Amino acid sequence: MTAYEIIRKKRNSHALSSEEIAWFVNGCVSGEIPDYQITALLMAICLNSMNDDETAALTAAMAQSGETLCPSKELGGFCVDKHSTGGVGDKTTLIAVPICAACGVYVPKMSGRGLGHTGGTIDKLESIPGLSTNLSHEKFMNIVRSTGFAVASQSENLAPADKILYALRNATATVDSIPLICSSIMSKKLATGADGIVLDVKVGDGAFMKTPAEAQALADLMVNTANHAGRKCKAIISDMNKPLGKCVGNALEVTEAAEALSGNGCRKDLYDISCTLAAQMLFIAGKGSYEDCMTQAQNAFHSGKAFEALEKTVALQGGNVEALHDFAVMGKPEQSAYVRAGRSGRIMAIACERTGLTAMELGAGRKTKNSAIDPTAGVVFLTDVGDYVSEGEKIAALYSSANCDIEGIVKNAAEIFKIEG
């Protein structure tokens, strides 16, 4: 077996065996296969795709390339996880996961940082002063055991093959391959060992999947891959044609989630998707019919029990819980400016990807993996799609403590809104 033979086989559109895939992945991690041969295979996969069996084999090999966990054995109960394929203003983990914990389901959550126009849960949580996501395994499990959930940074030893392949995909224009996207996401989910997985596959302007057909294909493949590995899995497809909720930016999104769980208001789109995800997580954990699980989720949201779970976990992860009540604790932005309506009329659309890029310009996102982020930066929408606005009315606020031309960003941000009279 050689890398040359495997590359040629996939180049000629033939299916690879699970043994060939496992051998190749092991060679990537050991360093025996050079980058130029890895990228050759990635390009062959990108051009000729993979069938479901190949994708399952690639995912399993990547998951087994490093550390694997089995939290249910340690905790003595069913563990569930959720994953979003990335969006703008997506702070559902900060709402849905505490809901599940309040309903008695363990959620040992490992999350990533944001890159580009989509935000990362780790960045959002670390805007809370003192909060650490770099937890030892023992501390991580003790917090889950105590409160029902914890959120930690992904271990460097978790699916190391994915880190190698993703870096090369990003540099060689082979990111847009559904089998490669699936194996990247699901290898990490399988390695973390959850018994059940709920997937939120975003579709639309602000998502990686731009069409419903692409989103459905990815959702089906990820569910099949999880089932092939013996895990329960459910995928929902949710709209990302406008930002989720009213805030985009790290501390701002923590603020919005805390306001929602503490009973101080929540936009309908954020409430609906958060409760839907939580209900699916409860359902997959065997907490009753889906209708019963939705009722439990909504009760935990409105009763304040989910907020209590969030407070407890923040405290145990070293965070200043006061930040969930007095949002200024997370820092005050040094600059602010308003976007004003250029004409009177009804807001017909809010461009989602452009919003994410605007937040990134303000300092809320990363242009490269090593870019620093400004936790205070971001966008707050003062209006929503369907609202009637008058010319000159404030329709959004921009915040930043970074070295940026906020007035110039404001001018460009006006293009986010489509207003028709």
# chains A, B, ... in the order shown; residues from 1 in each chain; ligands from 1
$ closest_atom_pairs --of "region 368-414 of chain A" --to "region 240-254 of chain A" --cutoff "8 Å" --atoms "only C-alpha atoms" --output "tab-separated table"
residue	atom	partner	partner_atom	distance
A:Pro375	CA	A:Asn250	CA	5.2
A:Thr376	CA	A:Ala251	CA	5.7
A:Ala377	CA	A:Gly249	CA	5.8
A:Gly378	CA	A:Gly249	CA	4.2
A:Val379	CA	A:Val248	CA	5.1
A:Val380	CA	A:Cys247	CA	4.6
A:Phe381	CA	A:Lys246	CA	5.0
A:Leu382	CA	A:Lys246	CA	7.4
$ residues_around --residues "Cys46 (chain A)" --least-positions-apart "5" --cutoff "10 Å" --atoms "only C-alpha atoms" --output "list in words"
Arg11, Ala40, Leu41, Arg169, Ala173, Thr174, Val175, Asp176, Ser177, Ile178, Pro179 and Leu180 of chain A
$ residues_around --residues "Thr172 (chain A)" --least-positions-apart "6" --cutoff "10 Å" --atoms "only C-alpha atoms" --output "MDAnalysis selection string"
chainID A and resid 39:40 42:43 166
$ residues_around --residues "Ala56 (chain A)" --least-positions-apart "5" --cutoff "12 Å" --atoms "only C-alpha atoms" --output "PyMOL selection string"
chain A and resi 16-18+21-22+50-51+61-63+179-180+182-187+190+221-230
$ residues_around --residues "Lys91 (chain A)" --least-positions-apart "2" --cutoff "8 Å" --atoms "only C-alpha atoms" --output "ChimeraX atom specification"
/A:89,93-95,121,253-254,257
$ residues_around --residues "Phe78 (chain A)" --least-positions-apart "3" --cutoff "7 Å" --atoms "only C-alpha atoms" --output "list in words"
Ser72, Tyr106, Asp195 and Ala285 of chain A
$ closest_residue --among "A:Lys305, A:Lys210, A:Lys411, A:His325" --to "Glu259 (chain A)" --atoms "only C-alpha atoms"
A:His325
$ closest_residue --among "A:Cys404, A:Ala207, A:Ala397, A:Val80" --to "Val107 (chain A)" --atoms "only C-alpha atoms"
A:Val80
$ residues_around --residues "Lys109 (chain A)" --least-positions-apart "6" --cutoff "8 Å" --atoms "only C-alpha atoms" --output "list in words"
Asp81, Lys82, Phe149, Ala150, Val151 and Ala152 of chain A
$ select_by_dssp --residues "region 13-121 of chain A" --states "strand (DSSP E or B)" --output "tab-separated table (two decimals) with N, CA and C atoms, in the first residue's frame"
chain	number	residue	atom	x	y	z
A	67	GLU	N	-6.65	11.20	21.04
A	67	GLU	CA	-7.39	10.90	22.27
A	67	GLU	C	-8.88	10.72	21.98
A	79	CYS	N	-24.96	11.15	27.74
A	79	CYS	CA	-24.37	12.45	27.43
A	79	CYS	C	-24.75	12.87	26.01
A	80	VAL	N	-25.10	14.12	25.86
A	80	VAL	CA	-25.51	14.63	24.55
A	80	VAL	C	-24.65	15.84	24.20
A	81	ASP	N	-24.47	16.06	22.91
A	81	ASP	CA	-23.68	17.18	22.43
A	81	ASP	C	-24.46	17.86	21.31
A	82	LYS	N	-24.11	19.10	21.02
A	82	LYS	CA	-24.70	19.80	19.88
A	82	LYS	C	-23.59	20.46	19.09
A	83	HIS	N	-23.87	20.66	17.81
A	83	HIS	CA	-22.90	21.35	16.96
A	83	HIS	C	-23.63	22.20	15.95
A	84	SER	N	-23.14	23.42	15.77
A	84	SER	CA	-23.64	24.29	14.71
A	84	SER	C	-22.59	24.40	13.63
A	106	TYR	N	-26.76	15.49	30.87
A	106	TYR	CA	-25.36	15.90	30.86
A	106	TYR	C	-24.95	16.40	29.47
A	107	VAL	N	-24.25	17.55	29.46
A	107	VAL	CA	-23.71	18.08	28.21
A	107	VAL	C	-22.24	18.46	28.43
A	108	PRO	N	-21.32	17.52	28.23
A	108	PRO	CA	-19.89	17.85	28.29
A	108	PRO	C	-19.48	18.43	26.94
A	109	LYS	N	-19.39	19.75	26.85
A	109	LYS	CA	-19.28	20.43	25.56
A	109	LYS	C	-17.86	20.91	25.31
A	110	MET	N	-17.31	20.47	24.19
A	110	MET	CA	-16.03	21.01	23.73
A	110	MET	C	-16.30	21.85	22.50
A	111	SER	N	-15.81	23.07	22.51
A	111	SER	CA	-16.10	24.02	21.44
A	111	SER	C	-14.83	24.63	20.90
A	115	LEU	N	-13.38	31.86	13.44
A	115	LEU	CA	-12.44	32.25	12.39
A	115	LEU	C	-13.26	32.85	11.26
A	118	THR	N	-17.74	34.05	11.23
A	118	THR	CA	-18.57	33.32	12.19
A	118	THR	C	-17.89	33.30	13.55
$ closest_residue --among "A:Ala194, A:Ala235, A:Ala57, A:Ala96" --to "Ala278 (chain A)" --atoms "only C-alpha atoms"
A:Ala96
$ atom_distance --atom1 "CA of Ala297 (chain A)" --atom2 "CA of Asp326 (chain A)"
25.8 Å
$ atom_distance --atom1 "CA of Gly76 (chain A)" --atom2 "CA of Asn134 (chain A)"
23.8 Å
$ select_by_dssp --residues "region 1-158 of chain A" --states "helix (DSSP H, G or I)" --output "number ranges by chain"
A: 3-11, 18-30, 35-48, 52-63, 71-75, 93-102, 121-125, 137-147
